[in-house]
Each structure stands twice: as structure tokens, then as C-alpha cells.
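upload-v3.tsv, holding TSV, C-alpha atoms and all ligand atoms:
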chain	number	residue	atom	x	y	z
A	1	MET	CA	-2.96	4.27	-18.81
A	2	ASP	CA	-5.07	4.67	-21.91
A	3	HIS	CA	-8.30	3.88	-20.13
A	4	PHE	CA	-7.76	7.24	-18.45
A	5	GLN	CA	-7.88	9.15	-21.68
A	6	GLU	CA	-10.96	7.43	-23.01
A	7	LYS	CA	-13.19	7.86	-20.02
A	8	LYS	CA	-15.69	10.57	-20.90
A	9	ILE	CA	-17.67	12.31	-18.23
A	10	PRO	CA	-21.39	11.96	-18.94
A	11	ILE	CA	-23.60	15.03	-19.26
A	12	ILE	CA	-27.30	14.55	-18.52
A	13	LYS	CA	-30.04	16.93	-19.57
A	14	ILE	CA	-33.04	17.44	-17.32
A	15	GLY	CA	-35.53	20.08	-18.42
A	16	SER	CA	-33.52	23.15	-19.32
A	17	TYR	CA	-30.56	22.14	-17.19
A	18	LEU	CA	-27.46	20.09	-17.76
A	19	ILE	CA	-26.19	17.93	-14.94
A	20	VAL	CA	-22.61	16.78	-14.74
A	21	SER	CA	-21.16	14.67	-12.01
A	22	ILE	CA	-17.38	14.51	-11.91
A	23	GLN	CA	-16.46	11.10	-10.52
A	24	VAL	CA	-12.75	10.92	-11.28
A	25	ASP	CA	-9.58	12.79	-10.47
A	26	MET	CA	-9.28	14.55	-13.84
A	27	HIS	CA	-6.00	14.92	-15.64
A	28	ASP	CA	-5.66	18.21	-17.49
A	29	LYS	CA	-6.80	17.08	-20.92
A	30	LEU	CA	-9.88	15.45	-19.46
A	31	ALA	CA	-10.72	18.69	-17.65
A	32	LEU	CA	-10.37	20.69	-20.87
A	33	GLN	CA	-12.35	18.10	-22.76
A	34	LEU	CA	-15.15	18.34	-20.22
A	35	GLN	CA	-15.12	22.12	-20.52
A	36	SER	CA	-15.63	22.06	-24.28
A	37	GLN	CA	-18.08	19.17	-24.05
A	38	ILE	CA	-20.31	21.16	-21.69
A	39	LEU	CA	-20.13	24.30	-23.82
A	40	GLU	CA	-21.05	22.30	-26.92
A	41	GLU	CA	-23.94	20.76	-25.07
A	42	ILE	CA	-25.20	24.19	-23.97
A	43	GLU	CA	-25.12	25.32	-27.55
A	44	LYS	CA	-26.82	22.20	-28.87
A	45	THR	CA	-29.59	22.07	-26.27
A	46	GLY	CA	-30.03	25.72	-25.38
A	47	ALA	CA	-29.70	24.77	-21.72
A	48	LYS	CA	-30.10	27.68	-19.31
A	49	GLY	CA	-28.20	26.23	-16.42
A	50	VAL	CA	-25.45	23.75	-15.65
A	51	LEU	CA	-25.04	21.95	-12.35
A	52	ILE	CA	-21.62	20.45	-11.82
A	53	ASP	CA	-21.36	18.06	-8.91
A	54	ILE	CA	-17.81	17.93	-7.57
A	55	SER	CA	-18.63	16.30	-4.22
A	56	VAL	CA	-16.26	13.40	-4.83
A	57	LEU	CA	-13.41	15.63	-5.99
A	58	GLU	CA	-10.71	15.52	-3.33
A	59	MET	CA	-8.88	18.56	-4.63
A	60	VAL	CA	-9.26	21.49	-6.96
A	61	ASP	CA	-5.95	22.96	-8.02
A	62	SER	CA	-5.35	26.07	-10.11
A	63	PHE	CA	-5.85	24.16	-13.33
A	64	ILE	CA	-9.24	22.72	-12.46
A	65	GLY	CA	-10.20	26.03	-10.84
A	66	ARG	CA	-9.35	27.87	-14.02
A	67	MET	CA	-11.28	25.34	-16.07
A	68	LEU	CA	-14.38	25.81	-13.91
A	69	SER	CA	-14.29	29.61	-13.89
A	70	GLY	CA	-13.47	29.76	-17.59
A	71	MET	CA	-16.41	27.55	-18.31
A	72	ALA	CA	-18.68	29.70	-16.15
A	73	SER	CA	-17.76	32.87	-18.01
A	74	MET	CA	-18.10	31.27	-21.42
A	75	ALA	CA	-21.44	29.77	-20.42
A	76	SER	CA	-22.68	33.15	-19.26
A	77	ILE	CA	-21.91	34.59	-22.68
A	78	MET	CA	-24.13	31.81	-24.01
A	79	ASP	CA	-26.80	32.83	-21.52
A	80	ALA	CA	-26.40	29.85	-19.22
A	81	ALA	CA	-25.54	29.89	-15.51
A	82	VAL	CA	-23.10	27.47	-13.95
A	83	VAL	CA	-23.44	26.25	-10.38
A	84	ILE	CA	-20.76	24.15	-8.71
A	85	VAL	CA	-22.38	21.73	-6.31
A	86	GLY	CA	-21.10	19.93	-3.22
A	87	MET	CA	-17.57	21.23	-2.93
A	88	GLN	CA	-15.97	19.55	0.08
A	89	PRO	CA	-15.15	22.00	2.89
A	90	ALA	CA	-11.47	20.97	2.80
A	91	VAL	CA	-11.39	21.77	-0.91
A	92	ALA	CA	-13.03	25.15	-0.36
A	93	ILE	CA	-10.56	26.04	2.41
A	94	THR	CA	-7.59	25.02	0.28
A	95	LEU	CA	-8.81	27.01	-2.71
A	96	VAL	CA	-8.97	30.17	-0.63
A	97	GLU	CA	-5.49	29.59	0.77
A	98	LEU	CA	-4.14	28.88	-2.67
A	99	GLY	CA	-5.45	32.33	-3.58
A	100	LEU	CA	-7.88	31.26	-6.21
A	101	GLU	CA	-11.05	33.14	-6.49
A	102	MET	CA	-13.33	31.76	-9.07
A	103	PRO	CA	-15.11	34.82	-10.38
A	104	GLY	CA	-18.54	34.20	-11.77
A	105	VAL	CA	-18.79	30.75	-10.26
A	106	ASP	CA	-21.77	30.16	-8.01
A	107	THR	CA	-21.64	27.35	-5.51
A	108	ALA	CA	-24.33	25.40	-3.72
A	109	LEU	CA	-24.27	22.86	-0.91
A	110	ASN	CA	-26.07	20.13	-2.83
A	111	MET	CA	-28.01	19.43	-6.03
A	112	GLU	CA	-31.31	20.52	-4.57
A	113	ARG	CA	-29.94	23.88	-3.45
A	114	GLY	CA	-28.19	24.27	-6.78
A	115	MET	CA	-31.43	23.65	-8.59
A	116	GLU	CA	-33.19	26.26	-6.41
A	117	LEU	CA	-30.44	28.76	-7.14
A	118	LEU	CA	-30.92	28.28	-10.88
A	119	GLU	CA	-34.71	28.52	-10.54
A	120	ARG	CA	-34.38	31.81	-8.68
A	121	ARG	CA	-32.03	33.14	-11.32
A	122	MET	CA	-34.44	32.22	-14.11
A	123	ALA	CA	-37.33	33.81	-12.23
A	124	SER	CA	-35.47	37.08	-11.71
A	125	ILE	CA	-34.45	37.17	-15.36
A	126	ASN	CA	-38.07	36.66	-16.43
A	127	ASP	CA	-39.18	39.45	-14.08
A	128	ASP	CA	-37.22	42.20	-15.76
B	1	MET	CA	23.11	24.88	-7.73
B	2	GLN	CA	23.41	22.89	-4.55
B	3	ALA	CA	21.24	19.76	-4.36
B	4	PHE	CA	19.07	19.30	-1.28
B	5	GLU	CA	20.46	17.04	1.40
B	6	TYR	CA	18.72	13.94	2.60
B	7	ASP	CA	19.11	13.07	6.25
B	8	SER	CA	20.26	9.48	6.66
B	9	ASP	CA	17.53	8.93	9.25
B	10	TRP	CA	14.76	9.70	6.79
B	11	THR	CA	12.79	6.92	5.17
B	12	GLU	CA	12.40	7.08	1.42
B	13	LEU	CA	8.79	6.36	0.54
B	14	GLY	CA	9.15	6.56	-3.22
B	15	VAL	CA	10.75	8.16	-6.25
B	16	TYR	CA	8.43	9.07	-9.10
B	17	PRO	CA	9.24	10.26	-12.60
B	18	VAL	CA	6.93	12.97	-13.93
B	19	LYS	CA	6.65	12.89	-17.69
B	20	THR	CA	2.99	12.86	-18.60
B	21	GLU	CA	-0.29	14.39	-17.44
B	22	ASN	CA	-1.21	11.02	-16.01
B	23	ASP	CA	1.89	11.17	-13.83
B	24	ILE	CA	0.54	14.39	-12.33
B	25	VAL	CA	-2.64	12.59	-11.32
B	26	ARG	CA	-0.81	9.49	-10.12
B	27	VAL	CA	1.76	11.29	-7.99
B	28	ARG	CA	-0.74	13.66	-6.38
B	29	GLN	CA	-2.82	10.62	-5.47
B	30	MET	CA	0.29	9.03	-3.95
B	31	ALA	CA	0.84	12.23	-1.98
B	32	ARG	CA	-2.67	12.00	-0.58
B	33	GLN	CA	-2.23	8.35	0.27
B	34	TYR	CA	0.96	9.06	2.19
B	35	ALA	CA	-0.72	11.96	4.02
B	36	LYS	CA	-3.58	9.62	4.88
B	37	ASN	CA	-1.22	6.91	6.11
B	38	PHE	CA	0.47	9.62	8.12
B	39	ARG	CA	-2.91	10.22	9.79
B	40	MET	CA	-3.14	13.82	8.72
B	41	GLY	CA	-6.60	15.37	8.85
B	42	ILE	CA	-8.65	15.82	5.71
B	43	VAL	CA	-7.82	19.53	5.35
B	44	GLU	CA	-4.10	18.82	5.72
B	45	GLN	CA	-4.35	16.01	3.19
B	46	THR	CA	-6.05	18.34	0.74
B	47	ARG	CA	-3.50	21.10	1.29
B	48	ILE	CA	-0.52	18.87	0.62
B	49	THR	CA	-2.16	17.18	-2.38
B	50	THR	CA	-3.00	20.54	-3.93
B	51	ALA	CA	0.48	21.97	-3.34
B	52	VAL	CA	2.03	18.86	-4.87
B	53	SER	CA	-0.31	19.07	-7.85
B	54	GLU	CA	0.74	22.68	-8.52
B	55	LEU	CA	4.43	21.84	-8.48
B	56	LEU	CA	3.96	18.74	-10.61
B	57	ARG	CA	2.17	20.75	-13.23
B	58	ASN	CA	4.83	23.45	-13.26
B	59	MET	CA	7.43	20.74	-13.73
B	60	TYR	CA	5.44	19.25	-16.58
B	61	GLN	CA	4.61	22.59	-18.23
B	62	TYR	CA	7.81	24.53	-17.88
B	63	ALA	CA	10.58	21.96	-17.47
B	64	ASN	CA	9.37	19.10	-19.63
B	65	GLY	CA	9.02	16.89	-16.57
B	66	GLY	CA	11.25	15.83	-13.75
B	67	GLU	CA	11.33	13.64	-10.68
B	68	VAL	CA	9.75	13.67	-7.25
B	69	THR	CA	11.12	11.98	-4.16
B	70	ILE	CA	8.91	11.46	-1.13
B	71	ASN	CA	10.46	10.94	2.31
B	72	GLN	CA	9.31	10.73	5.84
B	73	GLY	CA	11.53	11.88	8.66
B	74	TYR	CA	12.17	14.17	11.57
B	75	VAL	CA	12.98	17.81	10.87
B	76	GLU	CA	13.66	19.95	13.92
B	77	GLU	CA	11.54	17.70	16.13
B	78	HIS	CA	8.71	17.61	13.63
B	79	ASN	CA	7.59	14.35	12.13
B	80	ALA	CA	7.39	15.44	8.51
B	81	LEU	CA	6.38	14.34	5.06
B	82	ILE	CA	9.01	15.68	2.69
B	83	PHE	CA	8.55	16.16	-1.06
B	84	THR	CA	11.54	17.00	-3.23
B	85	PHE	CA	10.93	18.13	-6.82
B	86	GLU	CA	13.81	18.11	-9.23
B	87	ASP	CA	13.85	19.19	-12.85
B	88	GLN	CA	16.45	19.99	-15.47
B	89	GLY	CA	14.36	22.67	-17.12
B	90	PRO	CA	15.17	26.29	-18.00
B	91	GLY	CA	15.15	27.47	-14.39
B	92	ILE	CA	13.25	30.51	-13.14
B	93	GLU	CA	14.80	33.75	-14.17
B	94	ASN	CA	13.20	36.08	-11.68
B	95	LEU	CA	12.37	34.10	-8.58
B	96	ASP	CA	10.88	37.00	-6.61
B	97	LEU	CA	8.50	37.67	-9.44
B	98	ALA	CA	7.62	34.00	-9.87
B	99	MET	CA	6.89	33.72	-6.14
B	100	SER	CA	4.47	36.63	-6.19
B	101	ASP	CA	0.72	36.19	-6.47
B	102	GLY	CA	-0.64	36.54	-9.96
B	103	TYR	CA	2.61	36.37	-11.90
B	104	THR	CA	2.57	33.95	-14.84
B	105	SER	CA	4.70	33.59	-17.92
B	106	GLY	CA	2.41	31.06	-19.47
B	107	GLY	CA	-1.20	32.18	-19.36
B	108	GLY	CA	-1.87	30.59	-15.99
B	109	MET	CA	-3.23	32.42	-12.99
B	110	GLY	CA	0.12	32.68	-11.29
B	111	TYR	CA	-0.92	31.16	-7.97
B	112	GLY	CA	0.91	27.84	-8.24
B	113	LEU	CA	4.18	28.71	-6.50
B	114	PRO	CA	2.99	31.28	-3.94
B	115	GLY	CA	-0.15	29.22	-3.28
B	116	ALA	CA	1.81	26.00	-2.73
B	117	LYS	CA	4.05	27.85	-0.29
B	118	ARG	CA	1.03	28.94	1.76
B	119	LEU	CA	-0.30	25.39	1.91
B	120	VAL	CA	2.74	23.74	3.52
B	121	ASP	CA	4.90	24.18	6.64
B	122	SER	CA	8.21	24.54	4.84
B	123	PHE	CA	8.97	25.61	1.28
B	124	GLU	CA	12.46	25.91	-0.18
B	125	ILE	CA	13.36	26.65	-3.77
B	126	ARG	CA	16.66	26.70	-5.66
B	127	THR	CA	16.83	27.52	-9.31
B	128	GLU	CA	19.46	28.27	-11.88
B	129	THR	CA	18.99	29.47	-15.42
B	130	ASN	CA	19.54	26.67	-17.94
B	131	THR	CA	20.21	24.16	-15.16
B	132	GLY	CA	16.89	23.52	-13.52
B	133	THR	CA	14.78	23.96	-10.44
B	134	LEU	CA	14.73	22.21	-7.08
B	135	ILE	CA	11.83	22.60	-4.70
B	136	ARG	CA	11.31	21.00	-1.32
B	137	LEU	CA	8.01	20.99	0.53
B	138	MET	CA	7.46	19.74	4.05
B	139	LYS	CA	4.32	19.18	6.01
B	140	TRP	CA	4.46	18.43	9.70
B	141	LYS	CA	2.18	16.00	11.33
C	201	LIG	N1	9.78	24.18	-12.68
C	201	LIG	C1	9.82	25.36	-13.31
C	201	LIG	N2	10.76	25.61	-14.28
C	201	LIG	C2	10.80	26.80	-14.92
C	201	LIG	N3	9.95	27.81	-14.67
C	201	LIG	C3	9.01	27.65	-13.74
C	201	LIG	C4	8.88	26.42	-13.01
C	201	LIG	N4	7.86	26.55	-12.14
C	201	LIG	C5	7.37	27.79	-12.30
C	201	LIG	N5	8.04	28.46	-13.27
C	201	LIG	C6	7.81	29.88	-13.68
C	201	LIG	O1	7.21	30.57	-12.60
C	201	LIG	C7	5.99	31.18	-13.01
C	201	LIG	C8	5.01	31.17	-11.87
C	201	LIG	O2	4.59	29.84	-11.58
C	201	LIG	P1	3.16	29.61	-10.90
C	201	LIG	O3	2.94	28.16	-10.75
C	201	LIG	O4	3.09	30.46	-9.69
C	201	LIG	O5	2.14	30.23	-11.95
C	201	LIG	P2	1.67	29.64	-13.36
C	201	LIG	O6	2.12	28.22	-13.51
C	201	LIG	O7	2.11	30.58	-14.42
C	201	LIG	O8	0.10	29.71	-13.25
C	201	LIG	P3	-0.87	28.69	-12.44
C	201	LIG	O9	0.02	27.81	-11.62
C	201	LIG	O10	-1.75	29.55	-11.62
C	201	LIG	O11	-1.60	27.96	-13.49
C	201	LIG	C9	5.55	30.39	-14.22
C	201	LIG	O12	4.74	31.16	-15.07
C	201	LIG	C10	6.89	30.01	-14.87
C	201	LIG	O13	7.36	31.06	-15.66
C	202	MG	MG	1.76	26.77	-12.04
Give the structure from the file, written as C-alpha cells.
Ligand SMILES: Nc1ncnc2c1ncn2[C@@H]1O[C@H](COP(=O)(O)OP(=O)(O)OP(=O)(O)O)[C@@H](O)[C@H]1O
Ligand SMILES: [Mg+2]
Amino acid sequence: MDHFQEKKIPIIKIGSYLIVSIQVDMHDKLALQLQSQILEEIEKTGAKGVLIDISVLEMVDSFIGRMLSGMASMASIMDAAVVIVGMQPAVAITLVELGLEMPGVDTALNMERGMELLERRMASINDD
Amino acid sequence: MQAFEYDSDWTELGVYPVKTENDIVRVRQMARQYAKNFRMGIVEQTRITTAVSELLRNMYQYANGGEVTINQGYVEEHNALIFTFEDQGPGIENLDLAMSDGYTSGGGMGYGLPGAKRLVDSFEIRTETNTGTLIRLMKWK
């Protein structure tokens, strides 16, 4: 079971964005570890946006939901926007029924759309 | 507190101890696998997996673990997957409060119990202070 604990989720930096692709069903500690890892990376790199691909995640329960929205609000304090990419429709439906709203969390259909969303956000920030 | 009954016609698919965080992941994956084998649709699979995950975590967080039994059987003409959660934790003092949206005693969001109830076809809960909590979920095919 230890291989579970040691598997770290890689964070890739492209331009001013961080890209994270969650490929495993995360146990709680791994989810929390990912949260702090991403926040540290934002701080270290000054990234302005984070794209988190959850397209292979088969469920988001209240714990993972809380981790994602907590991360989004902490990131926004650090001036970075978080976009959740590729949430499966079944996962989205279940989240709503569960009653979880994830305030401050933007979602996009795929990486490309997520990227566009971040670009638009940056542009509107630079405008005013 | 009265234990849940098991119909003698039901098939026991497995009994799983829940002691660690990894057990939460393992058992919710089992739940999905059974739902898949049961030929439930993807949304139904996701609903049952998520409900199971919520109850497993509660068991782990508040009752120091417990045990889950998974059965398949007929309940009032429905072909059902049946999940029975059993812990010997502190019990839930105010059940009405615990079942209401947004109530948490532990810094959660308080959607685990009421949310799980919305995601399944049948939800029963029995709890007694200092004895433990029993929860049974069913999902029809
Ligand atoms: N197995 C249990 N044993 C003892 N108390 C429990 C158990 N399950 C739930 N509770 C109590 O019921 C409350 C509500 O549970 P619920 O799952 O709805 O919310 P939560 O766990 O606090 O937050 P969330 O699930 O959103 O993270 C808990 O805060 C806890 O006090
Ligand atoms: Mg809970």
C-alpha cells in the first residue's frame, strides 16, 4: 500500500501557467499534499493560472471538492486563477446532487478552453 | 440499537474493514466495480461511489473506522446493491441536525450524510450514543 503514499502528482509549468493532471483516485492525504504542492509552486514561480485536468477522475466527493475550492480561494489570494478542466458529466451531476457548490472554481470543457479562459482573465485584468 | 437484517436470499459480495485512508479508496473502487458489474449506467455508478465514499470517510473520521458489507439481492421487487456500514464509534447525538445540509461538527462542509441520502434509492440510519452507527444504502438497478 505504500506505493500509494509515495506517488506524487507532477506539476508542469508552461509560460505563466501551471498544469496538473490528476491521474489517480486520490486518498485524502494525497489530495491535501497536492493542494499544498500547487500553492508552493504558485509562490515559487509566480504563476498566474493553474489548470487542473480531472478528466480521468471518476468521482469528486466532498473531500476532494473542498480541496479544489480551498485551493482556488488560496490561489486567488496569491493572484492566480484556478480552472478545473474536463470534469466528467456524471461527476458534475453528482456534485450538484451532493449539494456541493465549489465557489470560486471555474470549470472548462478541455485544456484548450481552460487556457482561453485564463487568457481572457489576464487580458481583462490588464485592461483595468 | 437493532442491527440491520440480512435476507437469506441475498448474496454477500464482500466484507471490508475500513481502518485507513487507503481503505476508503479501495472500498469506493470496489463499490464502483460492483455497480459496473451490475450494469448500472455511468451516472448511477458515480452516484453510488460518491455516496459510499462520504460514508467511508465519516466512519474513518468520526468513528475510528468500521466495516462495510456489500450484498446484492431483491428488495421489494427491486434488484438492489446493498451497502451496510457499521461502526462502534461515538454515535451521532443529534441525528436530525447531522442529516441537515451544511451541519458539521468537524470543519467539513456538512454535505456527507444528506448528500449521500440524495444519491441513493434507500437510506436508513441507526445510531446510539457511545455504541455506534449503522447505515444502510441501497441502489436499485
Ligand atoms: N459514523 C459517524 N459516527 C459519529 N458521528 C458521525 C458519523 N458520521 C457523521 N457523524 C456526525 O455527523 C456530522 C455530519 O456528517 P456529514 O458527513 O454530513 O458532514 P461532515 O462530515 O461534517 O462534512 P463533509 O462530509 O461535508 O466533509 C459530522 O460532522 C459528525 O459530527
Ligand atoms: Mg462527512
A:Glu43, A:Asp127, A:Glu58, A:Glu116 ranked by distance to chain B, top pick (using all atoms listed in the file) = A:Glu58
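Our summary of the geometry notes that atom CA of Arg126 of chain B is positioned 22.5 Å from atom CA of Ser62 of chain A.
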Throw together the list of residues within 8 Å of ligand LIG 201 (chain C), counting all atoms listed in the file, and drop it here as a ChimeraX atom specification.
-> /A:62-63,66 /B:54-55,57-63,87,89-93,95,97-115,132-134
Compile the residues of chain A that lie within 6 Å of chain B, evaluated using all atoms listed in the file, and express the compilation as a ChimeraX atom specification.
-> /A:27,61,90,94,98
Create the file for the chosen residues now, containing C-alpha atoms and written as a tab-separated table (two decimals), keeping the file's coordinate frame.
chain	number	residue	atom	x	y	z
A	27	HIS	CA	-6.00	14.92	-15.64
A	61	ASP	CA	-5.95	22.96	-8.02
A	90	ALA	CA	-11.47	20.97	2.80
A	94	THR	CA	-7.59	25.02	0.28
A	98	LEU	CA	-4.14	28.88	-2.67
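Taking atom CA of Leu13 of chain B and atom CA of Ile70 of chain B as the two end points, the separation is 5.4 Å.
Here the question is which of A:Ala31, A:Leu57, A:Met111, A:Val96 gets nearest to Leu18 of chain A using all atoms listed in the file, and that residue is A:Met111.
Residue neighbourhood of Asn71 of chain B, excluding near-sequence residues (fewer than 2 positions): B:Trp10, B:Thr11, B:Glu12, B:Leu13, B:Gly14, B:Thr69, B:Gly73, B:Leu81, B:Ile82, B:Phe83, at 8 Å, using all atoms listed in the file.
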Go ahead and find all residues with at least one atom no further than 12 Å from (-16.3, 13.7, -14.5) in the file's coordinates, using all atoms listed in the file; report them as number ranges by chain.
-> A: 4-12, 19-35, 37-38, 52-57, 64
Tell me which protein, DNA and RNA residues are within 6 Å of Val85 of chain A, counting only C-alpha atoms, leaving out same-chain ones fewer than 2 positions away, and put them as number ranges by chain.
-> A: 52-53, 87, 107-110
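Atom CA of Ala31 of chain B is found 11.9 Å from atom CA of Met59 of chain A.
With distances taken over all atoms listed in the file, B:Leu56 is the one residue among B:Ile125, B:Val15, B:Leu56, B:Ala35 lying closest to ligand MG 202 (chain C).
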So, counting all atoms listed in the file, which residue among B:Ala3, B:Met30, B:Val68, B:Met40 is closest to Lys139 of chain B?
-> B:Met40
When distances are computed from all atoms listed in the file, which of B:Asn94, B:Tyr16, B:Phe38, B:Asp9 shows the smallest separation from Gly65 of chain B?
-> B:Tyr16
Got a minute to add N, CA and C atoms to segment 49-78 of chain A and dump it as a PDB file, keeping the file's coordinate frame?
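After the write, result.pdb holds the following:
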ATOM      1  N   GLY A  49     -28.987  26.386 -17.640  1.00  0.00           N
ATOM      2  CA  GLY A  49     -28.200  26.230 -16.420  1.00  0.00           C
ATOM      3  C   GLY A  49     -27.400  24.939 -16.446  1.00  0.00           C
ATOM      4  N   VAL A  50     -26.274  24.955 -15.750  1.00  0.00           N
ATOM      5  CA  VAL A  50     -25.450  23.750 -15.650  1.00  0.00           C
ATOM      6  C   VAL A  50     -25.104  23.519 -14.183  1.00  0.00           C
ATOM      7  N   LEU A  51     -25.395  22.320 -13.724  1.00  0.00           N
ATOM      8  CA  LEU A  51     -25.040  21.950 -12.350  1.00  0.00           C
ATOM      9  C   LEU A  51     -23.880  20.967 -12.415  1.00  0.00           C
ATOM     10  N   ILE A  52     -22.786  21.327 -11.784  1.00  0.00           N
ATOM     11  CA  ILE A  52     -21.620  20.450 -11.820  1.00  0.00           C
ATOM     12  C   ILE A  52     -21.334  19.942 -10.412  1.00  0.00           C
ATOM     13  N   ASP A  53     -21.568  18.658 -10.224  1.00  0.00           N
ATOM     14  CA  ASP A  53     -21.360  18.060  -8.910  1.00  0.00           C
ATOM     15  C   ASP A  53     -19.903  17.647  -8.742  1.00  0.00           C
ATOM     16  N   ILE A  54     -19.219  18.292  -7.796  1.00  0.00           N
ATOM     17  CA  ILE A  54     -17.810  17.930  -7.570  1.00  0.00           C
ATOM     18  C   ILE A  54     -17.628  17.337  -6.167  1.00  0.00           C
ATOM     19  N   SER A  55     -18.706  16.763  -5.618  1.00  0.00           N
ATOM     20  CA  SER A  55     -18.630  16.300  -4.220  1.00  0.00           C
ATOM     21  C   SER A  55     -17.619  15.178  -4.007  1.00  0.00           C
ATOM     22  N   VAL A  56     -17.282  14.428  -5.046  1.00  0.00           N
ATOM     23  CA  VAL A  56     -16.260  13.400  -4.830  1.00  0.00           C
ATOM     24  C   VAL A  56     -14.845  13.884  -5.162  1.00  0.00           C
ATOM     25  N   LEU A  57     -14.754  15.111  -5.689  1.00  0.00           N
ATOM     26  CA  LEU A  57     -13.410  15.630  -5.990  1.00  0.00           C
ATOM     27  C   LEU A  57     -12.658  15.941  -4.699  1.00  0.00           C
ATOM     28  N   GLU A  58     -11.470  15.350  -4.569  1.00  0.00           N
ATOM     29  CA  GLU A  58     -10.710  15.520  -3.330  1.00  0.00           C
ATOM     30  C   GLU A  58      -9.788  16.729  -3.378  1.00  0.00           C
ATOM     31  N   MET A  59      -9.633  17.311  -4.561  1.00  0.00           N
ATOM     32  CA  MET A  59      -8.880  18.560  -4.630  1.00  0.00           C
ATOM     33  C   MET A  59      -9.232  19.323  -5.903  1.00  0.00           C
ATOM     34  N   VAL A  60      -9.137  20.640  -5.792  1.00  0.00           N
ATOM     35  CA  VAL A  60      -9.260  21.490  -6.960  1.00  0.00           C
ATOM     36  C   VAL A  60      -8.011  22.351  -6.978  1.00  0.00           C
ATOM     37  N   ASP A  61      -7.168  22.137  -7.957  1.00  0.00           N
ATOM     38  CA  ASP A  61      -5.950  22.960  -8.020  1.00  0.00           C
ATOM     39  C   ASP A  61      -6.185  24.108  -8.999  1.00  0.00           C
ATOM     40  N   SER A  62      -5.134  24.861  -9.291  1.00  0.00           N
ATOM     41  CA  SER A  62      -5.350  26.070 -10.110  1.00  0.00           C
ATOM     42  C   SER A  62      -5.827  25.703 -11.512  1.00  0.00           C
ATOM     43  N   PHE A  63      -5.430  24.536 -11.978  1.00  0.00           N
ATOM     44  CA  PHE A  63      -5.850  24.160 -13.330  1.00  0.00           C
ATOM     45  C   PHE A  63      -7.348  23.869 -13.397  1.00  0.00           C
ATOM     46  N   ILE A  64      -7.811  23.056 -12.468  1.00  0.00           N
ATOM     47  CA  ILE A  64      -9.240  22.720 -12.460  1.00  0.00           C
ATOM     48  C   ILE A  64     -10.065  23.963 -12.107  1.00  0.00           C
ATOM     49  N   GLY A  65      -9.523  24.785 -11.193  1.00  0.00           N
ATOM     50  CA  GLY A  65     -10.200  26.030 -10.840  1.00  0.00           C
ATOM     51  C   GLY A  65     -10.374  26.941 -12.045  1.00  0.00           C
ATOM     52  N   ARG A  66      -9.301  27.022 -12.827  1.00  0.00           N
ATOM     53  CA  ARG A  66      -9.350  27.870 -14.020  1.00  0.00           C
ATOM     54  C   ARG A  66     -10.324  27.298 -15.043  1.00  0.00           C
ATOM     55  N   MET A  67     -10.349  25.988 -15.151  1.00  0.00           N
ATOM     56  CA  MET A  67     -11.280  25.340 -16.070  1.00  0.00           C
ATOM     57  C   MET A  67     -12.720  25.658 -15.672  1.00  0.00           C
ATOM     58  N   LEU A  68     -13.004  25.575 -14.371  1.00  0.00           N
ATOM     59  CA  LEU A  68     -14.380  25.810 -13.910  1.00  0.00           C
ATOM     60  C   LEU A  68     -14.785  27.268 -14.100  1.00  0.00           C
ATOM     61  N   SER A  69     -13.887  28.210 -13.754  1.00  0.00           N
ATOM     62  CA  SER A  69     -14.290  29.610 -13.890  1.00  0.00           C
ATOM     63  C   SER A  69     -14.320  30.035 -15.350  1.00  0.00           C
ATOM     64  N   GLY A  70     -13.429  29.468 -16.159  1.00  0.00           N
ATOM     65  CA  GLY A  70     -13.470  29.760 -17.590  1.00  0.00           C
ATOM     66  C   GLY A  70     -14.769  29.277 -18.209  1.00  0.00           C
ATOM     67  N   MET A  71     -15.163  28.098 -17.787  1.00  0.00           N
ATOM     68  CA  MET A  71     -16.410  27.550 -18.310  1.00  0.00           C
ATOM     69  C   MET A  71     -17.589  28.419 -17.895  1.00  0.00           C
ATOM     70  N   ALA A  72     -17.579  28.875 -16.628  1.00  0.00           N
ATOM     71  CA  ALA A  72     -18.680  29.700 -16.150  1.00  0.00           C
ATOM     72  C   ALA A  72     -18.785  30.991 -16.961  1.00  0.00           C
ATOM     73  N   SER A  73     -17.651  31.601 -17.275  1.00  0.00           N
ATOM     74  CA  SER A  73     -17.760  32.870 -18.010  1.00  0.00           C
ATOM     75  C   SER A  73     -18.150  32.639 -19.470  1.00  0.00           C
ATOM     76  N   MET A  74     -17.664  31.556 -20.050  1.00  0.00           N
ATOM     77  CA  MET A  74     -18.100  31.270 -21.420  1.00  0.00           C
ATOM     78  C   MET A  74     -19.587  30.906 -21.471  1.00  0.00           C
ATOM     79  N   ALA A  75     -20.026  30.157 -20.481  1.00  0.00           N
ATOM     80  CA  ALA A  75     -21.440  29.770 -20.420  1.00  0.00           C
ATOM     81  C   ALA A  75     -22.318  31.010 -20.272  1.00  0.00           C
ATOM     82  N   SER A  76     -21.842  31.970 -19.484  1.00  0.00           N
ATOM     83  CA  SER A  76     -22.680  33.150 -19.260  1.00  0.00           C
ATOM     84  C   SER A  76     -22.829  33.969 -20.546  1.00  0.00           C
ATOM     85  N   ILE A  77     -21.801  33.940 -21.370  1.00  0.00           N
ATOM     86  CA  ILE A  77     -21.910  34.590 -22.680  1.00  0.00           C
ATOM     87  C   ILE A  77     -22.989  33.889 -23.515  1.00  0.00           C
ATOM     88  N   MET A  78     -23.115  32.582 -23.281  1.00  0.00           N
ATOM     89  CA  MET A  78     -24.130  31.810 -24.010  1.00  0.00           C
ATOM     90  C   MET A  78     -25.458  31.806 -23.255  1.00  0.00           C
TER      91      MET A  78
END
